[in-house]
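Colleague: Here's a structure for you.
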Amino acid sequence: MSEDIKDHKELTRANIRVNAQLDVPFLAMNTLAAIIASYGLLANSAAVVIGAMIVAMLFSPILGLALGLVEGEKLLVRHSIKSIVVGSIVVYATALLIGFVHSDIPITPEIMARTSPNFLDLMVAFAGGAAGAYATISPRLSTSFVGVAIATALVPPLCASAILLGHGDFALARGAFLLTFTNIIAIQFVSSVVLWLNGFHGFYFWQKSSIWELLKRNVISIVLLVLLVVALSYNLQNVVARQLYESKVIRVVGEELLSYPNLRLIRVNIDEENGIQMVRVMVGGIQKPDAKGFVRQLEKRLAEEDKTRPASVRLRYVQVDVFDRDGEVKAIADKD
């Protein structure tokens, strides 16, 4: 190993240790990041949320924890865990206060997008953590943009959880917090692997002793990752199944509406209540349909399409007036 490589590794170790410390700049920057991210979420602005991450610093102690685990530095591990916990509490408390103050603002899609973690989110966290760790140890790469990307996976879901808690929505708040926890564990583990593969352990990668040490020091992370993979894979399966069911319902509704040329589909909403799929269909037209016949036929079709999901249909009809240059149109043509 050349002296330049040794010097760069020592400099990298020193930088990681310094950045993992719990100090005033760390707390201040994470507080500001939480404020900006929270208002970006409430404003439903993805640009503001991403921009807020320029000042976030939660990735630094996670990387410090990864280095401490692969090199067996117990003091660095303790300091990093302390920084992660305190930093997360500061972010959460700041966002919770904002959530209470602005509890009258409706929950936005930007917040809702972070409430249902699945296996895909875990893969994103793995890739982001690997990119961040590699950029940190490579003299040719800049960590700025990678750090922003990783911070986006940490602070926004934490803020989303706090805002939802401030609105009294505990189930969604739990989902957003699970996403944050998933990202932290995934980023820490993959960062440990990247550091270890690049020689931050004192052994060569083919030596069995170093592999055993890596696994032993990361046993908690590995166990948590296995549990998360199972849970998030189940969530992903549910999401995919729900999307397929929604597509099937929309197709069936469209086919049934072919018998009603004066009606047009406006939207379909599906909610599960006590194990029954509540299918709410809104249609518009100039002639009121045979509501009972339409609903019964639709429920029959849905039962034939999917016998495992009992469905109950609710139909909402909206009167629509159609005019052309000669006045009111009595029937809706296909082109209308």
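Order determines the names: the first chain of the structure tokens is A, the second B, and so forth; residues in each chain are numbered 1 upward, and ligands are numbered 1 upward as they are shown.
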Which residues are close to Ser60 of chain A, i.e. within 8 Å by only C-alpha atoms, leaving aside same-chain residues fewer than 2 positions away? Reply as a CSV table (one decimal) with C-alpha atoms, in the first residue's frame.

Modeller:
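Written file, result01.csv:
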```csv
chain,number,residue,atom,x,y,z
A,16,ILE,CA,-15.6,10.6,9.5
A,19,ASN,CA,-18.4,14.6,11.3
A,20,ALA,CA,-19.9,12.0,13.5
A,57,MET,CA,-26.2,16.1,8.6
A,58,LEU,CA,-27.8,12.8,9.6
A,62,ILE,CA,-24.4,6.7,10.3
A,63,LEU,CA,-21.2,6.6,8.3
A,64,GLY,CA,-19.3,7.0,11.6
```

Colleague: Mind pulling up the distance from atom CA of Asp306 of chain A to atom CA of Asp121 of chain A?

Modeller: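 Atom CA of Asp306 of chain A lies 28.9 Å from atom CA of Asp121 of chain A.
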
Colleague: Step one, run DSSP on the backbone; step two, keep only residues of segment 4-170 of chain A assigned to helix (DSSP H, G or I); then write them as a PyMOL selection string.

Modeller: chain A and resi 4-19+24-42+46-52+59-71+74-101+109-112+119-137+144-152+155-166+170

Colleague: Atom CA of Pro61 of chain A to atom CA of Ala162 of chain A: how many Å, to one decimal?

Modeller: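 About the pair atom CA of Pro61 of chain A and atom CA of Ala162 of chain A: they are 21.3 Å apart.
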
Colleague: Would you give me, as number ranges by chain, the residues in segment 51-267 of chain A that DSSP reads as strand (DSSP E or B)?

Modeller: A: 263-267

Colleague: What's the 9 Å shell around segment 279-282 of chain A, counting only C-alpha atoms, without same-chain residues fewer than 3 positions away, as a list of chain:residue names?

Modeller: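 Skipping anything fewer than 3 positions along the chain leaves A:Val249, A:Val253, A:Arg264, A:Leu265, A:Ile266, A:Arg267, A:Val268, A:Asn269, A:Ile270, A:Asp271, A:Glu272, A:Ala311, A:Ser312, A:Val313, A:Arg314, A:Leu315, A:Arg316, A:Tyr317, A:Val318.
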
Colleague: Skipping near chain neighbours, those fewer than 5 positions away, what residues fall within 10 Å of Ala231 of chain A using only C-alpha atoms, listed as a PyMOL selection string?

Modeller: chain A and resi 117-119+225-226+236-237

Colleague: Tell me which of A:Phe189, A:Tyr39, A:Phe200, A:Tyr245 sits closest to Thr12 of chain A, counting only C-alpha atoms.

Modeller: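 Closest residue, counting only C-alpha atoms: A:Phe200.
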
Colleague: Considering only C-alpha atoms, return as a PyMOL selection string whatever protein or nucleic-acid residues lie within 12 Å of Phe181 of chain A, sequence-local ones (same chain, fewer than 3 positions apart) excluded.

Modeller: chain A and resi 62+84-85+88+117+121-122+125+153-155+157-158+161+174-178+184-188+221+224-225+228
